[in-house]
$ cat query36.csv   # CSV, C-alpha atoms and all ligand atoms
chain,number,residue,atom,x,y,z
A,1,VAL,CA,1.0,-9.5,8.4
A,2,ILE,CA,3.9,-11.5,7.2
A,3,ARG,CA,3.6,-15.2,7.7
A,4,ARG,CA,4.3,-18.7,6.2
A,5,ALA,CA,1.8,-19.8,3.6
A,6,THR,CA,-0.5,-22.8,4.3
A,7,LEU,CA,-2.3,-25.1,1.9
A,8,ASP,CA,-5.4,-22.8,2.2
A,9,ASP,CA,-3.4,-20.1,0.5
A,10,ALA,CA,-2.8,-22.1,-2.7
A,11,ALA,CA,-5.6,-20.7,-4.9
A,12,ALA,CA,-4.9,-17.0,-3.8
A,13,LEU,CA,-1.2,-17.5,-4.3
A,14,ALA,CA,-1.7,-18.9,-7.8
A,15,GLU,CA,-3.9,-15.8,-8.7
A,16,LEU,CA,-1.4,-13.3,-7.1
A,17,GLY,CA,1.6,-15.0,-8.8
A,18,ALA,CA,0.0,-14.9,-12.2
A,19,ARG,CA,-1.2,-11.3,-11.9
A,20,THR,CA,2.1,-9.9,-10.6
A,21,PHE,CA,4.1,-11.8,-13.2
A,22,HIS,CA,1.9,-10.4,-16.0
A,23,ASP,CA,2.1,-6.9,-14.4
A,24,ALA,CA,5.9,-7.1,-14.3
A,25,PHE,CA,6.6,-8.6,-17.7
A,26,ASP,CA,3.8,-8.2,-20.2
A,27,THR,CA,5.0,-4.8,-21.5
A,28,HIS,CA,8.5,-5.9,-22.5
A,29,ASN,CA,7.8,-9.5,-23.7
A,30,GLN,CA,5.6,-11.3,-26.2
A,31,ILE,CA,2.4,-12.3,-24.4
A,32,GLU,CA,2.5,-16.0,-25.7
A,33,ASN,CA,5.8,-16.4,-23.8
A,34,VAL,CA,4.5,-14.9,-20.6
A,35,ASP,CA,1.3,-17.0,-20.9
A,36,ALA,CA,3.4,-20.2,-21.4
A,37,TYR,CA,5.5,-19.5,-18.3
A,38,VAL,CA,2.6,-18.5,-16.1
A,39,ALA,CA,0.6,-21.6,-17.1
A,40,ARG,CA,3.5,-23.8,-16.1
A,41,THR,CA,4.4,-22.1,-12.9
A,42,TYR,CA,1.3,-20.7,-11.1
A,43,GLY,CA,-1.4,-23.3,-11.1
A,44,GLU,CA,-3.1,-24.1,-7.8
A,45,ARG,CA,-1.8,-27.6,-7.8
A,46,GLN,CA,1.8,-26.4,-8.4
A,47,GLN,CA,1.4,-23.9,-5.5
A,48,ARG,CA,0.1,-26.6,-3.1
A,49,GLU,CA,3.2,-28.7,-3.9
A,50,GLU,CA,5.6,-25.8,-3.3
A,51,ILE,CA,3.9,-24.8,-0.1
A,52,ALA,CA,4.1,-28.4,1.2
A,53,SER,CA,7.7,-29.0,0.1
A,54,PRO,CA,10.2,-29.7,3.0
A,55,ASP,CA,13.0,-28.3,0.8
A,56,GLY,CA,11.3,-24.9,0.3
A,57,ALA,CA,9.5,-22.1,2.0
A,58,THR,CA,6.7,-19.8,0.9
A,59,VAL,CA,6.3,-16.5,2.7
A,60,VAL,CA,3.3,-14.3,2.2
A,61,ALA,CA,2.3,-10.7,3.2
A,62,GLU,CA,-1.4,-10.0,3.7
A,63,GLU,CA,-3.5,-6.9,4.3
A,64,GLU,CA,-7.0,-7.3,5.7
A,65,GLY,CA,-7.0,-11.0,4.8
A,66,ARG,CA,-5.9,-10.5,1.1
A,67,LEU,CA,-2.4,-11.6,-0.1
A,68,ILE,CA,-0.4,-8.6,-1.4
A,69,ALA,CA,3.1,-10.1,-1.7
A,70,PHE,CA,4.9,-13.4,-1.6
A,71,ALA,CA,8.3,-15.0,-1.8
A,72,GLN,CA,9.3,-18.6,-2.5
A,73,LEU,CA,12.6,-20.2,-1.6
A,74,ARG,CA,14.1,-23.6,-2.4
A,75,ARG,CA,17.1,-25.4,-1.0
A,76,VAL,CA,19.5,-26.9,-3.5
A,77,ASP,CA,22.6,-28.5,-2.0
A,78,ASP,CA,24.1,-26.1,0.5
A,79,ALA,CA,22.5,-22.9,-0.8
A,80,VAL,CA,19.0,-21.5,-0.9
A,81,GLU,CA,17.5,-20.0,-4.0
A,82,LEU,CA,15.1,-17.1,-3.7
A,83,ALA,CA,13.0,-18.3,-6.6
A,84,ARG,CA,10.2,-15.7,-6.6
A,85,PHE,CA,9.7,-12.4,-4.9
A,86,TYR,CA,6.7,-10.4,-6.0
A,87,VAL,CA,4.7,-7.4,-4.5
A,88,ASP,CA,1.3,-6.3,-5.8
A,89,GLN,CA,1.8,-3.2,-7.9
A,90,ARG,CA,-0.3,-1.0,-5.5
A,91,TRP,CA,2.2,-1.8,-2.7
A,92,HIS,CA,5.4,-1.0,-4.5
A,93,GLY,CA,7.6,1.6,-2.8
A,94,ARG,CA,5.7,1.2,0.5
A,95,GLY,CA,8.0,-1.0,2.6
A,96,VAL,CA,6.2,-4.3,2.0
A,97,ALA,CA,9.2,-5.7,0.1
A,98,GLN,CA,11.5,-4.7,2.9
A,99,SER,CA,9.5,-6.6,5.5
A,100,LEU,CA,9.1,-9.6,3.2
A,101,MET,CA,12.9,-9.7,2.6
A,102,ALA,CA,13.5,-9.8,6.4
A,103,ALA,CA,11.2,-12.8,6.6
A,104,VAL,CA,13.0,-14.4,3.6
A,105,TYR,CA,16.4,-14.2,5.4
A,106,ASP,CA,14.8,-15.9,8.5
A,107,ALA,CA,13.3,-18.6,6.2
A,108,ALA,CA,16.6,-19.2,4.5
A,109,ARG,CA,18.4,-19.7,7.8
A,110,GLU,CA,15.7,-22.1,8.9
A,111,LEU,CA,16.3,-24.1,5.8
A,112,GLY,CA,19.9,-24.4,7.1
A,113,SER,CA,21.7,-22.1,4.7
A,114,HIS,CA,23.9,-19.0,5.1
A,115,ARG,CA,24.0,-18.3,1.4
A,116,LEU,CA,21.0,-17.0,-0.5
A,117,TRP,CA,21.0,-16.4,-4.3
A,118,LEU,CA,18.6,-15.4,-7.0
A,119,GLY,CA,18.3,-14.8,-10.7
A,120,VAL,CA,16.8,-11.6,-11.9
A,121,TRP,CA,16.1,-10.5,-15.5
A,122,GLU,CA,18.9,-8.3,-16.7
A,123,HIS,CA,16.4,-5.6,-17.7
A,124,ASN,CA,14.5,-5.6,-14.4
A,125,ALA,CA,16.2,-2.4,-13.1
A,126,ARG,CA,13.9,-1.8,-10.2
A,127,ALA,CA,14.3,-5.3,-8.8
A,128,ILE,CA,18.1,-5.2,-9.3
A,129,ALA,CA,18.2,-1.8,-7.4
A,130,PHE,CA,16.0,-3.3,-4.7
A,131,TYR,CA,18.2,-6.4,-4.2
A,132,ALA,CA,21.4,-4.3,-4.2
A,133,LYS,CA,19.9,-2.0,-1.6
A,134,TYR,CA,19.5,-5.1,0.7
A,135,GLY,CA,23.1,-6.2,0.2
A,136,PHE,CA,22.9,-8.7,-2.7
A,137,ARG,CA,25.9,-8.6,-5.0
A,138,GLY,CA,26.1,-9.6,-8.6
A,139,THR,CA,28.1,-12.9,-9.1
A,140,GLY,CA,27.4,-13.8,-12.7
A,141,SER,CA,24.5,-14.7,-15.0
A,142,HIS,CA,22.6,-17.6,-16.3
A,143,PRO,CA,20.1,-18.3,-19.2
A,144,PHE,CA,16.4,-18.2,-18.4
A,145,LEU,CA,13.7,-19.5,-20.8
A,146,LEU,CA,10.5,-17.5,-20.9
A,147,GLY,CA,8.3,-19.5,-23.2
A,148,SER,CA,10.5,-19.7,-26.3
A,149,ASP,CA,12.5,-16.6,-25.5
A,150,LEU,CA,16.0,-17.3,-24.2
A,151,GLN,CA,16.9,-14.5,-21.8
A,152,THR,CA,19.7,-13.6,-19.5
A,153,ASP,CA,19.3,-13.4,-15.7
A,154,ARG,CA,21.8,-11.8,-13.5
A,155,ILE,CA,22.8,-13.9,-10.5
A,156,MET,CA,22.9,-12.0,-7.2
A,157,GLU,CA,23.8,-13.4,-3.8
A,158,ILE,CA,24.1,-12.5,-0.1
A,159,GLY,CA,25.7,-14.2,2.9
A,160,LEU,CA,23.4,-14.5,5.9
B,1,LIG,C1,11.1,-5.8,-7.0
B,1,LIG,C2,10.1,-5.3,-6.0
B,1,LIG,C3,9.8,-6.5,-5.0
B,1,LIG,C4,10.8,-4.2,-5.1
B,1,LIG,O1,9.9,-3.7,-4.2
B,1,LIG,P1,9.6,-2.1,-4.1
B,1,LIG,O2,8.6,-1.8,-3.0
B,1,LIG,O3,9.1,-1.7,-5.5
B,1,LIG,O4,11.0,-1.6,-3.8
B,1,LIG,P2,11.6,-0.1,-3.6
B,1,LIG,O5,10.5,0.9,-3.8
B,1,LIG,O6,12.4,-0.1,-2.4
B,1,LIG,O7,12.5,0.0,-4.9
B,1,LIG,C5,13.8,-0.4,-4.9
B,1,LIG,C6,14.7,0.6,-5.6
B,1,LIG,O8,14.5,0.6,-7.0
B,1,LIG,C7,14.8,1.8,-7.5
B,1,LIG,N1,13.7,2.2,-8.4
B,1,LIG,C8,12.4,2.6,-8.0
B,1,LIG,N2,11.7,2.7,-9.1
B,1,LIG,C9,12.4,2.4,-10.2
B,1,LIG,C10,12.2,2.3,-11.6
B,1,LIG,N3,11.0,2.6,-12.1
B,1,LIG,N4,13.2,1.9,-12.4
B,1,LIG,C11,14.4,1.6,-11.9
B,1,LIG,N5,14.7,1.6,-10.5
B,1,LIG,C12,13.7,2.0,-9.7
B,1,LIG,C13,15.1,2.8,-6.4
B,1,LIG,O9,16.5,2.9,-6.2
B,1,LIG,C14,14.5,2.1,-5.2
B,1,LIG,O10,15.1,2.3,-4.0
B,1,LIG,P3,15.0,3.8,-3.3
B,1,LIG,O11,13.6,4.4,-3.7
B,1,LIG,O12,15.1,3.5,-1.9
B,1,LIG,O13,16.1,4.6,-3.9
B,1,LIG,C15,8.8,-4.8,-6.6
B,1,LIG,O14,9.1,-3.7,-7.3
B,1,LIG,C16,8.1,-5.9,-7.4
B,1,LIG,O15,7.4,-6.7,-6.9
B,1,LIG,N6,8.3,-5.8,-8.7
B,1,LIG,C17,7.6,-6.7,-9.7
B,1,LIG,C18,8.0,-8.1,-9.5
B,1,LIG,C19,9.5,-8.3,-9.7
B,1,LIG,O16,10.1,-7.8,-10.6
B,1,LIG,N7,10.0,-9.2,-8.8
B,1,LIG,C20,11.4,-9.6,-8.9
B,1,LIG,C21,11.6,-10.7,-9.8
B,1,LIG,S1,13.3,-11.3,-9.7

$ encode --input "query36.csv" --output "C-alpha cells"
Amino acid sequence: VIRRATLDDAAALAELGARTFHDAFDTHNQIENVDAYVARTYGERQQREEIASPDGATVVAEEEGRLIAFAQLRRVDDAVELARFYVDQRWHGRGVAQSLMAAVYDAARELGSHRLWLGVWEHNARAIAFYAKYGFRGTGSHPFLLGSDLQTDRIMEIGL
C-alpha cells in the first residue's frame, strides 16, 4: 500500500528513516558524522512537523502494516525538492521504489509544481542509476554537510 503519512506514522517513520540512512551510508562514512545527521533529522518530533507541513508531503509504502519505504517532498518557491527517498534494504530491486516514485510525482503536482529536483551523494551509484532510469537528468551539484564532512551532491531534476 502506498499512501500519505499521518501523524500516527511519526514514530515508525523516525525509526525507518534512521535505519535506512545507516544502512545506506555507514560503510562509506565515519559513524560520528552519520550519527550527527540522523540525530538532527529523524527524531519523532521532527517527523511530526514534516508530516504536518502544508509546504511538504510525506509518502509511505507499507506491507502488512509495517512501513517499508518513504519519500519526503518540500516546496521551495516554484519547485519541489525530493528531500528523502528511502526503501528498506530487503525491498531493494523489487519494484517498491518504482511505485513510490509514481506517488511522488502525484504529490509534487498536488503541491503545485511541474519541476521536481533532488540532491544525491555523488558516490551513491545505485540511487543515481535509479533516478536516471525514471527520467531525472543531472543539472549540477551542491555541497552537503554530513556531520563535519563536506560532501558533494549531484543535483538531478525532472519536469512533470
Ligand atoms: C535508491 C533506491 C530507492 C532505488 O531503489 P531500488 O529498488 O534499489 O532500485 P532498482 O533495483 O531499480 O535499482 C536502480 C538501478 O540501479 C542500478 N544498480 C542496481 N544495483 C546497483 C549497485 N549495487 N551499484 C550501482 N548500481 C546499481 C541498476 O541499473 C538498477 O536498475 P536496473 O536493475 O533496472 O538496471 C534504493 O536502492 C534505496 O533505498 N537505497 C538506499 C537509500 C538511498 O540511497 N536513497 C537515495 C538517497 S538520495

$ closest_residue --input "query36.csv" --among "A:Ile51, A:Leu16, A:Leu146, A:Ala71" --to "Phe85 in chain A" --atoms "only C-alpha atoms"
A:Ala71

$ atom_distance --input "query36.csv" --atom1 "CA of Val1 in chain A" --atom2 "CA of Ala61 in chain A"
5.5 Å

$ residues_near_ligand --input "query36.csv" --ligand "ligand LIG 1 (chain B)" --cutoff "10 Å" --atoms "all atoms listed in the file" --output "PyMOL selection string"
chain A and resi 17+20-25+68-71+82-101+118-134+153-156

$ write_last_selection --input "query36.csv" --atoms "C-alpha atoms" --output "PDB file, keeping the file's coordinate frame"
ATOM      1  CA  GLY A  17       1.600 -15.000  -8.800  1.00  0.00           C
ATOM      2  CA  THR A  20       2.100  -9.900 -10.600  1.00  0.00           C
ATOM      3  CA  PHE A  21       4.100 -11.800 -13.200  1.00  0.00           C
ATOM      4  CA  HIS A  22       1.900 -10.400 -16.000  1.00  0.00           C
ATOM      5  CA  ASP A  23       2.100  -6.900 -14.400  1.00  0.00           C
ATOM      6  CA  ALA A  24       5.900  -7.100 -14.300  1.00  0.00           C
ATOM      7  CA  PHE A  25       6.600  -8.600 -17.700  1.00  0.00           C
ATOM      8  CA  ILE A  68      -0.400  -8.600  -1.400  1.00  0.00           C
ATOM      9  CA  ALA A  69       3.100 -10.100  -1.700  1.00  0.00           C
ATOM     10  CA  PHE A  70       4.900 -13.400  -1.600  1.00  0.00           C
ATOM     11  CA  ALA A  71       8.300 -15.000  -1.800  1.00  0.00           C
ATOM     12  CA  LEU A  82      15.100 -17.100  -3.700  1.00  0.00           C
ATOM     13  CA  ALA A  83      13.000 -18.300  -6.600  1.00  0.00           C
ATOM     14  CA  ARG A  84      10.200 -15.700  -6.600  1.00  0.00           C
ATOM     15  CA  PHE A  85       9.700 -12.400  -4.900  1.00  0.00           C
ATOM     16  CA  TYR A  86       6.700 -10.400  -6.000  1.00  0.00           C
ATOM     17  CA  VAL A  87       4.700  -7.400  -4.500  1.00  0.00           C
ATOM     18  CA  ASP A  88       1.300  -6.300  -5.800  1.00  0.00           C
ATOM     19  CA  GLN A  89       1.800  -3.200  -7.900  1.00  0.00           C
ATOM     20  CA  ARG A  90      -0.300  -1.000  -5.500  1.00  0.00           C
ATOM     21  CA  TRP A  91       2.200  -1.800  -2.700  1.00  0.00           C
ATOM     22  CA  HIS A  92       5.400  -1.000  -4.500  1.00  0.00           C
ATOM     23  CA  GLY A  93       7.600   1.600  -2.800  1.00  0.00           C
ATOM     24  CA  ARG A  94       5.700   1.200   0.500  1.00  0.00           C
ATOM     25  CA  GLY A  95       8.000  -1.000   2.600  1.00  0.00           C
ATOM     26  CA  VAL A  96       6.200  -4.300   2.000  1.00  0.00           C
ATOM     27  CA  ALA A  97       9.200  -5.700   0.100  1.00  0.00           C
ATOM     28  CA  GLN A  98      11.500  -4.700   2.900  1.00  0.00           C
ATOM     29  CA  SER A  99       9.500  -6.600   5.500  1.00  0.00           C
ATOM     30  CA  LEU A 100       9.100  -9.600   3.200  1.00  0.00           C
ATOM     31  CA  MET A 101      12.900  -9.700   2.600  1.00  0.00           C
ATOM     32  CA  LEU A 118      18.600 -15.400  -7.000  1.00  0.00           C
ATOM     33  CA  GLY A 119      18.300 -14.800 -10.700  1.00  0.00           C
ATOM     34  CA  VAL A 120      16.800 -11.600 -11.900  1.00  0.00           C
ATOM     35  CA  TRP A 121      16.100 -10.500 -15.500  1.00  0.00           C
ATOM     36  CA  GLU A 122      18.900  -8.300 -16.700  1.00  0.00           C
ATOM     37  CA  HIS A 123      16.400  -5.600 -17.700  1.00  0.00           C
ATOM     38  CA  ASN A 124      14.500  -5.600 -14.400  1.00  0.00           C
ATOM     39  CA  ALA A 125      16.200  -2.400 -13.100  1.00  0.00           C
ATOM     40  CA  ARG A 126      13.900  -1.800 -10.200  1.00  0.00           C
ATOM     41  CA  ALA A 127      14.300  -5.300  -8.800  1.00  0.00           C
ATOM     42  CA  ILE A 128      18.100  -5.200  -9.300  1.00  0.00           C
ATOM     43  CA  ALA A 129      18.200  -1.800  -7.400  1.00  0.00           C
ATOM     44  CA  PHE A 130      16.000  -3.300  -4.700  1.00  0.00           C
ATOM     45  CA  TYR A 131      18.200  -6.400  -4.200  1.00  0.00           C
ATOM     46  CA  ALA A 132      21.400  -4.300  -4.200  1.00  0.00           C
ATOM     47  CA  LYS A 133      19.900  -2.000  -1.600  1.00  0.00           C
ATOM     48  CA  TYR A 134      19.500  -5.100   0.700  1.00  0.00           C
ATOM     49  CA  ASP A 153      19.300 -13.400 -15.700  1.00  0.00           C
ATOM     50  CA  ARG A 154      21.800 -11.800 -13.500  1.00  0.00           C
ATOM     51  CA  ILE A 155      22.800 -13.900 -10.500  1.00  0.00           C
ATOM     52  CA  MET A 156      22.900 -12.000  -7.200  1.00  0.00           C
TER      53      MET A 156
END

$ closest_residue --input "query36.csv" --among "A:Val59, A:Leu67, A:Ala52, A:Leu111" --to "Leu7 in chain A" --atoms "only C-alpha atoms"
A:Ala52

$ atom_distance --input "query36.csv" --atom1 "CA of Ala57 in chain A" --atom2 "CA of Leu116 in chain A"
12.8 Å

$ atom_distance --input "query36.csv" --atom1 "CA of Thr139 in chain A" --atom2 "CA of Glu157 in chain A"
6.8 Å

$ residues_around --input "query36.csv" --residues "Gly159 in chain A" --least-positions-apart "2" --cutoff "9 Å" --atoms "all atoms listed in the file" --output "MDAnalysis selection string"
chainID A and resid 114:117 135:136 157

$ closest_residue --input "query36.csv" --among "A:Ala79, A:Ala102, A:Ala107, A:Val34" --to "Gly147 in chain A" --atoms "all atoms listed in the file"
A:Val34

$ residues_around --input "query36.csv" --residues "Glu49 in chain A" --least-positions-apart "5" --cutoff "12 Å" --atoms "only C-alpha atoms" --output "ChimeraX atom specification"
/A:5-7,9-11,14,41-44,54-58,72

$ residues_around --input "query36.csv" --residues "Ser148 in chain A" --least-positions-apart "4" --cutoff "10 Å" --atoms "only C-alpha atoms" --output "list in words"
Gln30, Glu32, Asn33, Val34, Ala36, Tyr37 and Phe144 of chain A

$ closest_residue --input "query36.csv" --among "A:Asn29, A:Leu13, A:Asp77, A:Arg66" --to "Gln151 in chain A" --atoms "all atoms listed in the file"
A:Asn29

$ closest_residue --input "query36.csv" --among "A:Ala18, A:Ala12, A:Arg45, A:His28" --to "Gly65 in chain A" --atoms "all atoms listed in the file"
A:Ala12

$ closest_residue --input "query36.csv" --among "A:Asp8, A:Asp78, A:Tyr105, A:Asp35" --to "Arg48 in chain A" --atoms "all atoms listed in the file"
A:Asp8

$ decode --input "query36.csv" --residues "range 44-56 of chain A" --atoms "all heavy atoms" --output "mmCIF file, in the first residue's frame"
data_model
loop_
_atom_site.group_PDB
_atom_site.id
_atom_site.type_symbol
_atom_site.label_atom_id
_atom_site.label_comp_id
_atom_site.auth_asym_id
_atom_site.auth_seq_id
_atom_site.Cartn_x
_atom_site.Cartn_y
_atom_site.Cartn_z
ATOM 1 N N GLU A 44 11.298 11.789 16.296
ATOM 2 C CA GLU A 44 9.841 11.695 16.124
ATOM 3 C C GLU A 44 9.202 13.080 16.003
ATOM 4 O O GLU A 44 8.318 13.303 15.173
ATOM 5 C CB GLU A 44 9.232 10.926 17.305
ATOM 6 C CG GLU A 44 7.747 10.693 17.114
ATOM 7 C CD GLU A 44 7.136 9.873 18.233
ATOM 8 O OE1 GLU A 44 7.880 9.173 18.962
ATOM 9 O OE2 GLU A 44 5.902 9.926 18.387
ATOM 10 N N ARG A 45 9.692 14.041 16.813
ATOM 11 C CA ARG A 45 9.103 15.368 16.744
ATOM 12 C C ARG A 45 9.328 16.012 15.365
ATOM 13 O O ARG A 45 8.429 16.613 14.781
ATOM 14 C CB ARG A 45 9.701 16.266 17.840
ATOM 15 C CG ARG A 45 9.011 17.623 17.871
ATOM 16 C CD ARG A 45 9.798 18.657 18.618
ATOM 17 N NE ARG A 45 9.957 18.320 20.025
ATOM 18 C CZ ARG A 45 10.689 19.046 20.867
ATOM 19 N NH1 ARG A 45 11.310 20.121 20.448
ATOM 20 N NH2 ARG A 45 10.804 18.692 22.120
ATOM 21 N N GLN A 46 10.559 15.837 14.860
ATOM 22 C CA GLN A 46 10.882 16.359 13.522
ATOM 23 C C GLN A 46 9.950 15.743 12.466
ATOM 24 O O GLN A 46 9.453 16.417 11.567
ATOM 25 C CB GLN A 46 12.347 16.032 13.208
ATOM 26 C CG GLN A 46 12.786 16.264 11.775
ATOM 27 C CD GLN A 46 13.118 17.717 11.513
ATOM 28 O OE1 GLN A 46 13.224 18.507 12.450
ATOM 29 N NE2 GLN A 46 13.266 18.069 10.257
ATOM 30 N N GLN A 47 9.710 14.443 12.593
ATOM 31 C CA GLN A 47 8.839 13.783 11.620
ATOM 32 C C GLN A 47 7.407 14.291 11.717
ATOM 33 O O GLN A 47 6.737 14.476 10.701
ATOM 34 C CB GLN A 47 8.892 12.265 11.794
ATOM 35 C CG GLN A 47 10.223 11.662 11.368
ATOM 36 C CD GLN A 47 10.625 12.122 9.976
ATOM 37 O OE1 GLN A 47 9.825 12.092 9.037
ATOM 38 N NE2 GLN A 47 11.853 12.589 9.834
ATOM 39 N N ARG A 48 6.936 14.534 12.936
ATOM 40 C CA ARG A 48 5.572 15.073 13.091
ATOM 41 C C ARG A 48 5.461 16.418 12.367
ATOM 42 O O ARG A 48 4.478 16.678 11.679
ATOM 43 C CB ARG A 48 5.238 15.271 14.581
ATOM 44 C CG ARG A 48 5.088 13.993 15.342
ATOM 45 C CD ARG A 48 4.774 14.268 16.812
ATOM 46 N NE ARG A 48 3.401 14.705 16.988
ATOM 47 C CZ ARG A 48 2.368 13.875 17.106
ATOM 48 N NH1 ARG A 48 2.562 12.580 17.067
ATOM 49 N NH2 ARG A 48 1.151 14.333 17.251
ATOM 50 N N GLU A 49 6.479 17.259 12.529
ATOM 51 C CA GLU A 49 6.454 18.579 11.882
ATOM 52 C C GLU A 49 6.443 18.439 10.360
ATOM 53 O O GLU A 49 5.721 19.138 9.658
ATOM 54 C CB GLU A 49 7.672 19.408 12.311
ATOM 55 C CG GLU A 49 7.499 20.008 13.688
ATOM 56 C CD GLU A 49 8.775 20.652 14.221
ATOM 57 O OE1 GLU A 49 9.712 20.904 13.429
ATOM 58 O OE2 GLU A 49 8.828 20.896 15.443
ATOM 59 N N GLU A 50 7.259 17.503 9.850
ATOM 60 C CA GLU A 50 7.322 17.351 8.389
ATOM 61 C C GLU A 50 6.023 16.791 7.831
ATOM 62 O O GLU A 50 5.553 17.216 6.771
ATOM 63 C CB GLU A 50 8.515 16.478 8.005
ATOM 64 C CG GLU A 50 9.815 17.138 8.437
ATOM 65 C CD GLU A 50 11.013 16.715 7.633
ATOM 66 O OE1 GLU A 50 10.837 16.113 6.558
ATOM 67 O OE2 GLU A 50 12.131 16.992 8.088
ATOM 68 N N ILE A 51 5.430 15.834 8.554
ATOM 69 C CA ILE A 51 4.168 15.251 8.086
ATOM 70 C C ILE A 51 3.085 16.329 8.039
ATOM 71 O O ILE A 51 2.268 16.370 7.118
ATOM 72 C CB ILE A 51 3.739 14.087 9.013
ATOM 73 C CG1 ILE A 51 4.686 12.893 8.850
ATOM 74 C CG2 ILE A 51 2.299 13.660 8.719
ATOM 75 C CD1 ILE A 51 4.541 11.828 9.942
ATOM 76 N N ALA A 52 3.094 17.220 9.034
ATOM 77 C CA ALA A 52 2.033 18.226 9.150
ATOM 78 C C ALA A 52 2.255 19.443 8.245
ATOM 79 O O ALA A 52 1.320 20.230 8.032
ATOM 80 C CB ALA A 52 1.934 18.688 10.603
ATOM 81 N N SER A 53 3.461 19.615 7.694
ATOM 82 C CA SER A 53 3.767 20.845 6.963
ATOM 83 C C SER A 53 2.907 21.015 5.711
ATOM 84 O O SER A 53 2.831 20.112 4.874
ATOM 85 C CB SER A 53 5.250 20.831 6.554
ATOM 86 O OG SER A 53 5.460 21.871 5.622
ATOM 87 N N PRO A 54 2.271 22.184 5.543
ATOM 88 C CA PRO A 54 1.487 22.416 4.326
ATOM 89 C C PRO A 54 2.371 22.606 3.093
ATOM 90 O O PRO A 54 1.891 22.533 1.965
ATOM 91 C CB PRO A 54 0.721 23.707 4.651
ATOM 92 C CG PRO A 54 1.531 24.381 5.711
ATOM 93 C CD PRO A 54 2.223 23.311 6.485
ATOM 94 N N ASP A 55 3.667 22.846 3.306
ATOM 95 C CA ASP A 55 4.592 23.034 2.180
ATOM 96 C C ASP A 55 5.379 21.762 1.875
ATOM 97 O O ASP A 55 6.425 21.818 1.224
ATOM 98 C CB ASP A 55 5.568 24.179 2.480
ATOM 99 C CG ASP A 55 4.853 25.516 2.427
ATOM 100 O OD1 ASP A 55 4.031 25.710 1.516
ATOM 101 O OD2 ASP A 55 5.109 26.342 3.318
ATOM 102 N N GLY A 56 4.876 20.646 2.351
ATOM 103 C CA GLY A 56 5.582 19.399 2.100
ATOM 104 C C GLY A 56 4.624 18.251 1.943
ATOM 105 O O GLY A 56 3.406 18.421 2.045
#
